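A.B. asks: Quick one, protein.pdb (PDB, C-alpha atoms):
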ATOM      1  CA  MET A  78     -71.069 -34.984 -35.653  1.00  0.00           C
ATOM      2  CA  ALA A  79     -68.074 -34.257 -33.425  1.00  0.00           C
ATOM      3  CA  THR A  80     -66.048 -36.893 -35.278  1.00  0.00           C
ATOM      4  CA  GLY A  81     -66.841 -35.313 -38.648  1.00  0.00           C
ATOM      5  CA  TYR A  82     -65.926 -31.857 -37.347  1.00  0.00           C
ATOM      6  CA  SER A  83     -62.654 -33.174 -35.928  1.00  0.00           C
ATOM      7  CA  ALA A  84     -61.825 -34.803 -39.245  1.00  0.00           C
ATOM      8  CA  MET A  85     -62.584 -31.574 -41.108  1.00  0.00           C
ATOM      9  CA  VAL A  86     -60.365 -29.550 -38.769  1.00  0.00           C
ATOM     10  CA  GLY A  87     -57.617 -32.146 -39.094  1.00  0.00           C
ATOM     11  CA  GLY A  88     -57.910 -32.027 -42.870  1.00  0.00           C
ATOM     12  CA  HIS A  89     -57.640 -28.234 -42.914  1.00  0.00           C
ATOM     13  CA  ALA A  90     -54.615 -28.386 -40.627  1.00  0.00           C
ATOM     14  CA  LEU A  91     -52.914 -30.874 -42.954  1.00  0.00           C
ATOM     15  CA  MET A  92     -53.649 -28.702 -45.986  1.00  0.00           C
ATOM     16  CA  LEU A  93     -52.245 -25.618 -44.235  1.00  0.00           C
ATOM     17  CA  LYS A  94     -49.061 -27.504 -43.372  1.00  0.00           C
ATOM     18  CA  MET A  95     -48.700 -28.438 -47.044  1.00  0.00           C
ATOM     19  CA  ILE A  96     -49.596 -25.030 -48.524  1.00  0.00           C
ATOM     20  CA  TYR A  97     -48.034 -22.479 -46.197  1.00  0.00           C
ATOM     21  CA  PRO A  98     -44.368 -23.548 -46.636  1.00  0.00           C
ATOM     22  CA  GLY A  99     -44.753 -23.189 -50.398  1.00  0.00           C
ATOM     23  CA  ARG A 100     -46.319 -19.751 -50.051  1.00  0.00           C
ATOM     24  CA  VAL A 101     -43.603 -18.650 -47.659  1.00  0.00           C
ATOM     25  CA  ILE A 102     -40.893 -19.733 -50.108  1.00  0.00           C
ATOM     26  CA  ILE A 103     -42.605 -17.893 -52.981  1.00  0.00           C
ATOM     27  CA  LEU A 104     -42.988 -14.728 -50.896  1.00  0.00           C
ATOM     28  CA  LEU A 105     -39.360 -14.868 -49.799  1.00  0.00           C
ATOM     29  CA  CYS A 106     -38.261 -15.231 -53.428  1.00  0.00           C
ATOM     30  CA  LEU A 107     -40.443 -12.297 -54.492  1.00  0.00           C
ATOM     31  CA  PHE A 108     -39.105 -10.105 -51.697  1.00  0.00           C
ATOM     32  CA  GLY A 109     -35.557 -11.101 -52.629  1.00  0.00           C
ATOM     33  CA  VAL A 110     -36.042 -10.275 -56.304  1.00  0.00           C
ATOM     34  CA  THR A 111     -37.791  -6.997 -55.417  1.00  0.00           C
ATOM     35  CA  TRP A 112     -34.972  -5.999 -53.067  1.00  0.00           C
ATOM     36  CA  TYR A 113     -32.353  -6.777 -55.724  1.00  0.00           C
ATOM     37  CA  LEU A 114     -34.177  -4.847 -58.431  1.00  0.00           C
ATOM     38  CA  LEU A 115     -34.736  -1.879 -56.135  1.00  0.00           C
ATOM     39  CA  GLN A 116     -31.031  -1.784 -55.356  1.00  0.00           C
ATOM     40  CA  SER A 117     -30.108  -2.051 -59.021  1.00  0.00           C
ATOM     41  CA  THR A 118     -32.445   0.819 -59.960  1.00  0.00           C
ATOM     42  CA  SER A 119     -31.322   3.203 -57.229  1.00  0.00           C
ATOM     43  CA  SER A 120     -29.730   5.544 -59.796  1.00  0.00           C
ATOM     44  CA  VAL A 121     -33.048   6.913 -61.071  1.00  0.00           C
ATOM     45  CA  THR A 122     -33.408  10.695 -61.320  1.00  0.00           C
ATOM     46  CA  PRO A 123     -35.702  12.255 -58.681  1.00  0.00           C
ATOM     47  CA  VAL A 124     -38.734  14.027 -60.176  1.00  0.00           C
ATOM     48  CA  ASP A 125     -39.942  17.338 -58.745  1.00  0.00           C
ATOM     49  CA  ILE A 126     -43.618  17.863 -58.068  1.00  0.00           C
ATOM     50  CA  LYS A 127     -45.515  19.734 -60.821  1.00  0.00           C
ATOM     51  CA  LYS A 128     -47.178  22.208 -58.484  1.00  0.00           C
ATOM     52  CA  PRO A 129     -46.572  22.663 -54.725  1.00  0.00           C
ATOM     53  CA  LEU A 130     -49.162  20.978 -52.537  1.00  0.00           C
ATOM     54  CA  SER A 131     -49.414  24.203 -50.533  1.00  0.00           C
ATOM     55  CA  GLU A 132     -51.428  25.491 -53.505  1.00  0.00           C
ATOM     56  CA  PHE A 133     -53.956  22.646 -53.297  1.00  0.00           C
ATOM     57  CA  PRO A 134     -57.503  24.094 -53.331  1.00  0.00           C
ATOM     58  CA  HIS A 135     -59.078  25.155 -50.062  1.00  0.00           C
ATOM     59  CA  GLN A 136     -62.499  24.327 -51.499  1.00  0.00           C
ATOM     60  CA  ILE A 137     -63.374  20.788 -52.631  1.00  0.00           C
ATOM     61  CA  GLY A 138     -67.014  20.482 -53.662  1.00  0.00           C
ATOM     62  CA  ASN A 139     -69.076  21.715 -50.718  1.00  0.00           C
ATOM     63  CA  TYR A 140     -66.125  21.270 -48.340  1.00  0.00           C
ATOM     64  CA  ARG A 141     -63.931  24.213 -47.353  1.00  0.00           C
ATOM     65  CA  LEU A 142     -60.601  24.238 -45.541  1.00  0.00           C
ATOM     66  CA  ASN A 143     -61.089  24.364 -41.786  1.00  0.00           C
ATOM     67  CA  ASP A 144     -57.550  23.749 -40.506  1.00  0.00           C
ATOM     68  CA  SER A 145     -54.116  22.536 -41.574  1.00  0.00           C
ATOM     69  CA  PHE A 146     -51.618  20.488 -39.587  1.00  0.00           C
ATOM     70  CA  GLN A 147     -47.827  20.535 -39.559  1.00  0.00           C
ATOM     71  CA  SER A 148     -45.809  17.461 -38.621  1.00  0.00           C
ATOM     72  CA  SER A 149     -42.786  17.719 -36.362  1.00  0.00           C
ATOM     73  CA  ALA A 150     -39.272  17.715 -37.801  1.00  0.00           C
ATOM     74  CA  GLY A 151     -38.745  14.220 -36.402  1.00  0.00           C
ATOM     75  CA  VAL A 152     -41.830  12.838 -38.142  1.00  0.00           C
ATOM     76  CA  LEU A 153     -40.876  14.486 -41.438  1.00  0.00           C
ATOM     77  CA  GLU A 154     -37.392  13.026 -41.210  1.00  0.00           C
ATOM     78  CA  LEU A 155     -38.850   9.587 -40.531  1.00  0.00           C
ATOM     79  CA  LEU A 156     -41.221   9.826 -43.503  1.00  0.00           C
ATOM     80  CA  GLY A 157     -38.624  11.356 -45.821  1.00  0.00           C
ATOM     81  CA  VAL A 158     -41.437  13.161 -47.618  1.00  0.00           C
ATOM     82  CA  ASP A 159     -40.536  15.953 -50.075  1.00  0.00           C
ATOM     83  CA  ASP A 160     -43.884  17.768 -50.024  1.00  0.00           C
ATOM     84  CA  TYR A 161     -47.068  17.160 -48.094  1.00  0.00           C
ATOM     85  CA  ILE A 162     -50.338  18.581 -46.814  1.00  0.00           C
ATOM     86  CA  GLN A 163     -52.674  17.509 -44.053  1.00  0.00           C
ATOM     87  CA  TYR A 164     -55.877  19.492 -44.366  1.00  0.00           C
ATOM     88  CA  ASP A 165     -59.093  19.311 -42.398  1.00  0.00           C
ATOM     89  CA  TYR A 166     -62.134  20.205 -44.487  1.00  0.00           C
ATOM     90  CA  VAL A 167     -65.648  20.884 -43.215  1.00  0.00           C
ATOM     91  CA  SER A 168     -68.924  20.877 -45.162  1.00  0.00           C
ATOM     92  CA  ASP A 169     -71.836  23.280 -44.863  1.00  0.00           C
ATOM     93  CA  LYS A 170     -73.502  20.637 -42.675  1.00  0.00           C
ATOM     94  CA  GLY A 171     -70.533  20.452 -40.323  1.00  0.00           C
ATOM     95  CA  ASP A 172     -69.151  17.112 -41.545  1.00  0.00           C
ATOM     96  CA  HIS A 173     -65.349  16.872 -41.366  1.00  0.00           C
ATOM     97  CA  ILE A 174     -62.945  15.140 -43.756  1.00  0.00           C
ATOM     98  CA  ASN A 175     -59.191  14.932 -43.219  1.00  0.00           C
ATOM     99  CA  LEU A 176     -56.946  14.785 -46.298  1.00  0.00           C
ATOM    100  CA  TYR A 177     -53.271  13.817 -46.251  1.00  0.00           C
ATOM    101  CA  VAL A 178     -51.081  13.829 -49.366  1.00  0.00           C
ATOM    102  CA  GLY A 179     -47.374  13.016 -49.219  1.00  0.00           C
ATOM    103  CA  TYR A 180     -45.150  13.346 -52.296  1.00  0.00           C
ATOM    104  CA  TYR A 181     -41.773  11.645 -52.810  1.00  0.00           C
ATOM    105  CA  ARG A 182     -39.367  12.576 -55.598  1.00  0.00           C
ATOM    106  CA  ALA A 183     -37.831   9.089 -55.526  1.00  0.00           C
ATOM    107  CA  VAL A 184     -39.616   6.493 -53.406  1.00  0.00           C
ATOM    108  CA  GLY A 185     -37.260   4.220 -51.513  1.00  0.00           C
ATOM    109  CA  ILE A 186     -34.233   6.433 -52.091  1.00  0.00           C
ATOM    110  CA  GLU A 187     -35.119   9.760 -50.487  1.00  0.00           C
ATOM    111  CA  GLY A 188     -38.072   8.466 -48.464  1.00  0.00           C
ATOM    112  CA  GLY A 189     -40.762   5.817 -48.485  1.00  0.00           C
ATOM    113  CA  TYR A 190     -44.385   4.993 -47.791  1.00  0.00           C
ATOM    114  CA  HIS A 191     -45.790   3.700 -44.526  1.00  0.00           C
ATOM    115  CA  SER A 192     -48.821   1.451 -44.946  1.00  0.00           C
ATOM    116  CA  PRO A 193     -51.986   2.622 -43.131  1.00  0.00           C
ATOM    117  CA  LYS A 194     -52.546  -1.004 -42.144  1.00  0.00           C
ATOM    118  CA  ASN A 195     -49.462  -0.671 -39.958  1.00  0.00           C
ATOM    119  CA  CYS A 196     -49.767   2.980 -38.927  1.00  0.00           C
ATOM    120  CA  ILE A 197     -53.463   3.419 -38.124  1.00  0.00           C
ATOM    121  CA  PRO A 198     -53.985   0.665 -35.517  1.00  0.00           C
ATOM    122  CA  GLY A 199     -53.181   2.230 -32.157  1.00  0.00           C
ATOM    123  CA  GLY A 200     -54.676   4.525 -29.558  1.00  0.00           C
ATOM    124  CA  GLY A 201     -57.526   2.077 -29.158  1.00  0.00           C
ATOM    125  CA  TRP A 202     -58.361   2.075 -32.880  1.00  0.00           C
ATOM    126  CA  GLY A 203     -58.347  -1.178 -34.804  1.00  0.00           C
ATOM    127  CA  ILE A 204     -59.155  -2.215 -38.366  1.00  0.00           C
ATOM    128  CA  ASN A 205     -62.687  -3.575 -38.555  1.00  0.00           C
ATOM    129  CA  GLU A 206     -62.961  -4.117 -42.316  1.00  0.00           C
ATOM    130  CA  THR A 207     -60.925  -3.650 -45.505  1.00  0.00           C
ATOM    131  CA  GLN A 208     -62.039  -3.661 -49.133  1.00  0.00           C
ATOM    132  CA  LYS A 209     -61.403  -2.135 -52.548  1.00  0.00           C
ATOM    133  CA  VAL A 210     -63.995   0.385 -53.745  1.00  0.00           C
ATOM    134  CA  GLN A 211     -64.591   1.857 -57.174  1.00  0.00           C
ATOM    135  CA  LEU A 212     -64.583   5.557 -57.993  1.00  0.00           C
ATOM    136  CA  ALA A 213     -66.020   7.111 -61.131  1.00  0.00           C
ATOM    137  CA  GLN A 214     -63.087   9.431 -61.856  1.00  0.00           C
ATOM    138  CA  ASP A 215     -61.123   8.696 -65.038  1.00  0.00           C
ATOM    139  CA  LEU A 216     -57.458   9.581 -64.532  1.00  0.00           C
ATOM    140  CA  GLU A 217     -55.002   9.154 -67.417  1.00  0.00           C
ATOM    141  CA  GLY A 218     -56.760   6.037 -68.652  1.00  0.00           C
ATOM    142  CA  ASN A 219     -57.591   4.655 -65.194  1.00  0.00           C
ATOM    143  CA  ASN A 220     -61.197   3.850 -66.059  1.00  0.00           C
ATOM    144  CA  HIS A 221     -63.326   2.681 -63.124  1.00  0.00           C
ATOM    145  CA  LEU A 222     -60.338   3.032 -60.833  1.00  0.00           C
ATOM    146  CA  LYS A 223     -60.326   1.409 -57.411  1.00  0.00           C
ATOM    147  CA  VAL A 224     -58.925   2.622 -54.114  1.00  0.00           C
ATOM    148  CA  ALA A 225     -58.511   0.930 -50.748  1.00  0.00           C
ATOM    149  CA  GLN A 226     -61.084   1.465 -48.015  1.00  0.00           C
ATOM    150  CA  MET A 227     -60.836   0.627 -44.325  1.00  0.00           C
ATOM    151  CA  LEU A 228     -63.427   0.847 -41.595  1.00  0.00           C
ATOM    152  CA  ILE A 229     -61.680   1.414 -38.276  1.00  0.00           C
ATOM    153  CA  ARG A 230     -63.299   1.134 -34.881  1.00  0.00           C
ATOM    154  CA  LYS A 231     -62.731   2.110 -31.261  1.00  0.00           C
ATOM    155  CA  GLY A 232     -65.535   0.821 -29.077  1.00  0.00           C
ATOM    156  CA  SER A 233     -68.746   2.269 -30.539  1.00  0.00           C
ATOM    157  CA  GLU A 234     -66.899   4.863 -32.663  1.00  0.00           C
ATOM    158  CA  TYR A 235     -66.104   4.374 -36.348  1.00  0.00           C
ATOM    159  CA  GLN A 236     -64.051   6.143 -38.996  1.00  0.00           C
ATOM    160  CA  VAL A 237     -63.928   5.527 -42.748  1.00  0.00           C
ATOM    161  CA  VAL A 238     -60.483   5.604 -44.356  1.00  0.00           C
ATOM    162  CA  LEU A 239     -59.737   5.739 -48.090  1.00  0.00           C
ATOM    163  CA  TYR A 240     -56.200   5.550 -49.401  1.00  0.00           C
ATOM    164  CA  TRP A 241     -54.259   4.941 -52.581  1.00  0.00           C
ATOM    165  CA  PHE A 242     -50.876   5.434 -54.223  1.00  0.00           C
ATOM    166  CA  GLN A 243     -50.903   7.943 -57.094  1.00  0.00           C
ATOM    167  CA  ASN A 244     -47.735   7.178 -59.011  1.00  0.00           C
ATOM    168  CA  ARG A 245     -46.624   8.094 -62.521  1.00  0.00           C
ATOM    169  CA  GLY A 246     -50.148   8.183 -63.943  1.00  0.00           C
ATOM    170  CA  ARG A 247     -51.455   5.177 -62.013  1.00  0.00           C
ATOM    171  CA  ILE A 248     -53.904   4.874 -59.145  1.00  0.00           C
ATOM    172  CA  ILE A 249     -52.882   1.851 -57.062  1.00  0.00           C
ATOM    173  CA  ALA A 250     -54.906   0.430 -54.176  1.00  0.00           C
ATOM    174  CA  SER A 251     -52.485  -2.329 -53.172  1.00  0.00           C
ATOM    175  CA  GLU A 252     -49.168  -1.929 -51.350  1.00  0.00           C
ATOM    176  CA  TYR A 253     -47.891  -5.041 -53.159  1.00  0.00           C
ATOM    177  CA  TRP A 254     -48.770  -3.809 -56.655  1.00  0.00           C
ATOM    178  CA  GLU A 255     -47.235  -0.459 -55.776  1.00  0.00           C
ATOM    179  CA  LYS A 256     -43.924  -2.237 -55.141  1.00  0.00           C
ATOM    180  CA  ILE A 257     -44.184  -4.130 -58.426  1.00  0.00           C
ATOM    181  CA  TYR A 258     -44.902  -0.978 -60.452  1.00  0.00           C
ATOM    182  CA  GLN A 259     -42.156   0.847 -58.564  1.00  0.00           C
ATOM    183  CA  VAL A 260     -39.585  -1.653 -59.834  1.00  0.00           C
ATOM    184  CA  TRP A 261     -41.100  -1.806 -63.330  1.00  0.00           C
ATOM    185  CA  ASP A 262     -41.164   1.972 -63.792  1.00  0.00           C
ATOM    186  CA  ALA A 263     -37.661   2.359 -62.384  1.00  0.00           C
ATOM    187  CA  LEU A 264     -36.384  -0.128 -64.959  1.00  0.00           C
ATOM    188  CA  PHE A 265     -38.334   1.096 -67.990  1.00  0.00           C
ATOM    189  CA  MET A 266     -39.093   4.761 -67.191  1.00  0.00           C
ATOM    190  CA  GLY A 267     -36.144   5.657 -64.967  1.00  0.00           C
ATOM    191  CA  ARG A 268     -38.597   7.017 -62.383  1.00  0.00           C
ATOM    192  CA  ARG A 269     -39.640   6.227 -58.828  1.00  0.00           C
ATOM    193  CA  ASP A 270     -41.556   9.375 -57.945  1.00  0.00           C
ATOM    194  CA  GLY A 271     -44.916   8.889 -56.301  1.00  0.00           C
ATOM    195  CA  SER A 272     -47.447  10.000 -53.737  1.00  0.00           C
ATOM    196  CA  PHE A 273     -49.564   8.530 -50.993  1.00  0.00           C
ATOM    197  CA  VAL A 274     -53.092   9.870 -50.476  1.00  0.00           C
ATOM    198  CA  ARG A 275     -55.257   9.206 -47.426  1.00  0.00           C
ATOM    199  CA  ILE A 276     -58.731  10.468 -46.528  1.00  0.00           C
ATOM    200  CA  ILE A 277     -60.345   9.958 -43.114  1.00  0.00           C
ATOM    201  CA  ALA A 278     -63.859  10.805 -41.976  1.00  0.00           C
ATOM    202  CA  TYR A 279     -65.517  10.248 -38.604  1.00  0.00           C
ATOM    203  CA  VAL A 280     -68.829   8.357 -38.739  1.00  0.00           C
ATOM    204  CA  PRO A 281     -71.535  10.395 -36.973  1.00  0.00           C
ATOM    205  CA  ASP A 282     -74.527   8.613 -35.436  1.00  0.00           C
ATOM    206  CA  GLY A 283     -73.253   5.234 -36.632  1.00  0.00           C
ATOM    207  CA  ASP A 284     -74.303   5.932 -40.247  1.00  0.00           C
ATOM    208  CA  ILE A 285     -71.428   4.115 -41.956  1.00  0.00           C
ATOM    209  CA  GLU A 286     -73.003   3.872 -45.417  1.00  0.00           C
ATOM    210  CA  LYS A 287     -73.712   7.604 -45.628  1.00  0.00           C
ATOM    211  CA  THR A 288     -70.164   8.432 -44.532  1.00  0.00           C
ATOM    212  CA  GLU A 289     -68.706   6.047 -47.121  1.00  0.00           C
ATOM    213  CA  LYS A 290     -70.676   7.766 -49.890  1.00  0.00           C
ATOM    214  CA  ARG A 291     -69.599  11.301 -48.982  1.00  0.00           C
ATOM    215  CA  VAL A 292     -65.964  10.245 -48.583  1.00  0.00           C
ATOM    216  CA  ARG A 293     -65.979   8.668 -52.058  1.00  0.00           C
ATOM    217  CA  VAL A 294     -67.505  11.803 -53.593  1.00  0.00           C
ATOM    218  CA  PHE A 295     -64.814  13.896 -51.911  1.00  0.00           C
ATOM    219  CA  ALA A 296     -62.102  11.482 -53.091  1.00  0.00           C
ATOM    220  CA  THR A 297     -63.283  11.726 -56.692  1.00  0.00           C
ATOM    221  CA  SER A 298     -63.056  15.536 -56.583  1.00  0.00           C
ATOM    222  CA  ALA A 299     -59.671  15.425 -54.836  1.00  0.00           C
ATOM    223  CA  LEU A 300     -58.297  13.064 -57.495  1.00  0.00           C
ATOM    224  CA  LYS A 301     -59.189  15.516 -60.227  1.00  0.00           C
ATOM    225  CA  GLU A 302     -57.384  18.340 -58.415  1.00  0.00           C
ATOM    226  CA  LEU A 303     -54.324  16.203 -57.674  1.00  0.00           C
ATOM    227  CA  GLU A 304     -53.745  15.758 -61.405  1.00  0.00           C
ATOM    228  CA  ASN A 305     -52.677  19.422 -61.450  1.00  0.00           C
ATOM    229  CA  HIS A 306     -50.022  18.825 -58.779  1.00  0.00           C
ATOM    230  CA  LEU A 307     -48.583  15.344 -59.245  1.00  0.00           C
ATOM    231  CA  PRO A 308     -46.413  14.216 -62.184  1.00  0.00           C
ATOM    232  CA  GLY A 309     -48.314  11.905 -64.517  1.00  0.00           C
ATOM    233  CA  ALA A 310     -47.246   9.163 -66.885  1.00  0.00           C
ATOM    234  CA  VAL A 311     -45.635  11.758 -69.166  1.00  0.00           C
ATOM    235  CA  LEU A 312     -43.441  14.508 -67.740  1.00  0.00           C
TER     236      LEU A 312
END
Take the structure I supplied and represent it as structure tokens, if you would.

C.D. replies:
Amino acid sequence: MATGYSAMVGGHALMLKMIYPGRVIILLCLFGVTWYLLQSTSSVTPVDIKKPLSEFPHQIGNYRLNDSFQSSAGVLELLGVDDYIQYDYVSDKGDHINLYVGYYRAVGIEGGYHSPKNCIPGGGWGINETQKVQLAQDLEGNNHLKVAQMLIRKGSEYQVVLYWFQNRGRIIASEYWEKIYQVWDALFMGRRDGSFVRIIAYVPDGDIEKTEKRVRVFATSALKELENHLPGAVL
């Protein structure tokens, strides 16, 4: 049995040695092409937001605004964001949901996104699980749209995180596809405006499934409202 296991491990190791170099080369080529195209499309015209995020509703479903947070000048300079909100909502039952929306007039030129996969881990919190989840909201033809979901953990505490990129009429759950569409739209639409949306909710009493459901309901309502603020596929 040990011999068979050793052979299997050895076989996997050999396969990895054969596959990984090829993947690395492909990734390097893709990054190189992306970098070149981004540089060659840096002359796009920045697009102003349709409606200031400061006018985003203070009531989303059965959640009402409880508090708002302002980032320091240093953080705003680092993000390069043109408009943003970070609101804390609370339901009639006392459940909290934190919403962050950051808008960029020209992503990669005047500012850029920071992936939650890189930003959230810290302070004892780590990513426990990631997946794509489906929402019912139909946005500019995005039927059965999907967003990214993370379950983060610190000891016995959990939080559910939803996030997506809402760019030029698209809802994008992947950082990689966001880069691809960024280049494509810069070339064929002359635009690189976009927004990053993140929702976080603490999991009370360890009931992860219930928290996931209420966060998705909130996200669906928030998406509908964001259509009034963010530029769509057609200006």

A.B. asks: Report, in Å to a single decimal, how far apart CA of Gly271 (chain A) and CA of Lys223 (chain A) are.

C.D. replies: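 According to the coordinates, CA of Lys223 (chain A) and CA of Gly271 (chain A) are separated by 17.2 Å.
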
A.B. asks: What's the separation between CA of Ala183 (chain A) and CA of His135 (chain A), in Å to one decimal place?

C.D. replies: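 For CA of Ala183 (chain A) relative to CA of His135 (chain A), the distance reads 27.2 Å.
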
A.B. asks: Residues within 9 Å of Glu252 (chain A), please, as JSON, numbers by chain. Count only C-alpha atoms; anything in the same chain fewer than 5 positions from it doesn't count.

C.D. replies: {"A": [192, 241, 242, 257]}

A.B. asks: Could you dump the residues just selected with C-alpha atoms as a PDB file, in the coordinates of the input?

C.D. replies:
ATOM      1  CA  SER A 192     -48.821   1.451 -44.946  1.00  0.00           C
ATOM      2  CA  TRP A 241     -54.259   4.941 -52.581  1.00  0.00           C
ATOM      3  CA  PHE A 242     -50.876   5.434 -54.223  1.00  0.00           C
ATOM      4  CA  ILE A 257     -44.184  -4.130 -58.426  1.00  0.00           C
TER       5      ILE A 257
END

A.B. asks: Between CA of Cys106 (chain A) and CA of Tyr180 (chain A), measure the distance and give it in Å to one decimal.

C.D. replies: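 Going from CA of Cys106 (chain A) over to CA of Tyr180 (chain A) covers 29.4 Å.
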
A.B. asks: Quick one: apply the PyMOL selection byres ((chain A and resi 298-307) around 7) to the file and drop the selected residues here as a PyMOL selection string.

C.D. replies: chain A and resi 126-130+137-138+294-297+308-309

A.B. asks: Residues within 6 Å of Gly179 (chain A), please, as a PDB file with C-alpha atoms, keeping the file's coordinate frame. Count only C-alpha atoms; anything in the same chain fewer than 5 positions from it doesn't count.

C.D. replies:
ATOM      1  CA  ASP A 160     -43.884  17.768 -50.024  1.00  0.00           C
ATOM      2  CA  TYR A 161     -47.068  17.160 -48.094  1.00  0.00           C
ATOM      3  CA  SER A 272     -47.447  10.000 -53.737  1.00  0.00           C
ATOM      4  CA  PHE A 273     -49.564   8.530 -50.993  1.00  0.00           C
TER       5      PHE A 273
END

A.B. asks: Return as number ranges by chain the set of residues that the PyMOL selection byres ((chain A and resi 177) around 7) yields on the displayed structure.

C.D. replies: A: 162-164, 175-176, 178-179, 274-276

A.B. asks: Counting only C-alpha atoms, figure out which residue out of A:Gly200, A:Asp262, A:Ala278, A:Gln211 gets nearest to Val237 (chain A).

C.D. replies: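 Checking each of A:Gly200, A:Asp262, A:Ala278, A:Gln211 against Val237 (chain A), counting only C-alpha atoms, the winner is A:Ala278.
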
A.B. asks: Select, from A:Pro134, A:Met227, A:Tyr140, A:Val121, the residue with the minimum atom-to-atom distance to Phe265 (chain A), counting only C-alpha atoms.

C.D. replies: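 Smallest separation from Phe265 (chain A) among the options: A:Val121.
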
A.B. asks: Counting all atoms listed in the file, figure out which residue out of A:Val260, A:Val124, A:Val210, A:Val167 gets nearest to Tyr240 (chain A).

C.D. replies: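 Closest to Tyr240 (chain A) of all the choices is A:Val210.
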
A.B. asks: The PyMOL selection byres ((chain A and resi 230) around 9) on the file shown: which residues, as a short mmCIF file (atom, residue, chain, number, x, y, z; two decimals) with C-alpha atoms, in the coordinates of the input?

C.D. replies:
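Written out: part-v7.cif:
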data_model
loop_
_atom_site.label_atom_id
_atom_site.label_comp_id
_atom_site.auth_asym_id
_atom_site.auth_seq_id
_atom_site.Cartn_x
_atom_site.Cartn_y
_atom_site.Cartn_z
CA GLY A 201 -57.53 2.08 -29.16
CA TRP A 202 -58.36 2.08 -32.88
CA GLY A 203 -58.35 -1.18 -34.80
CA ILE A 204 -59.16 -2.22 -38.37
CA ASN A 205 -62.69 -3.58 -38.56
CA LEU A 228 -63.43 0.85 -41.60
CA ILE A 229 -61.68 1.41 -38.28
CA LYS A 231 -62.73 2.11 -31.26
CA GLY A 232 -65.54 0.82 -29.08
CA SER A 233 -68.75 2.27 -30.54
CA GLU A 234 -66.90 4.86 -32.66
CA TYR A 235 -66.10 4.37 -36.35
CA GLN A 236 -64.05 6.14 -39.00
#

A.B. asks: Which of these residues is nearest to Ser168 (chain A), using only C-alpha atoms: A:Arg268, A:Arg141, A:Arg293, A:His191?

C.D. replies: A:Arg141

A.B. asks: Have a look at A:Asp172, A:Tyr181, A:Leu312, A:Trp261 and name the one nearest to Val280 (chain A); count only C-alpha atoms.

C.D. replies: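 Comparing A:Asp172, A:Tyr181, A:Leu312, A:Trp261 against Val280 (chain A), the winner is A:Asp172.
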
A.B. asks: In the coordinate frame of the file, compute which residues have an atom within 10 Å of (-43.2, -1.7, -51.1) when using only C-alpha atoms, and state them as a PyMOL selection string.

C.D. replies: chain A and resi 108+111-112+115+184-185+189-192+251-260

A.B. asks: Nearest to Asp270 (chain A) among A:Cys196, A:Leu222, A:Ile186, A:Ala250, with distances taken over all atoms listed in the file: which residue is it?

C.D. replies: A:Ile186

A.B. asks: For region 169-174 of chain A, I'd like the enclosing box, axis-aligned and padded by 6 Å on every side, reported as lines of an AutoDock Vina configuration file with centre and edge lengths in Å to one decimal.

C.D. replies:
center_x = -68.2
center_y = 19.2
center_z = -42.6
size_x = 22.6
size_y = 20.1
size_z = 16.5
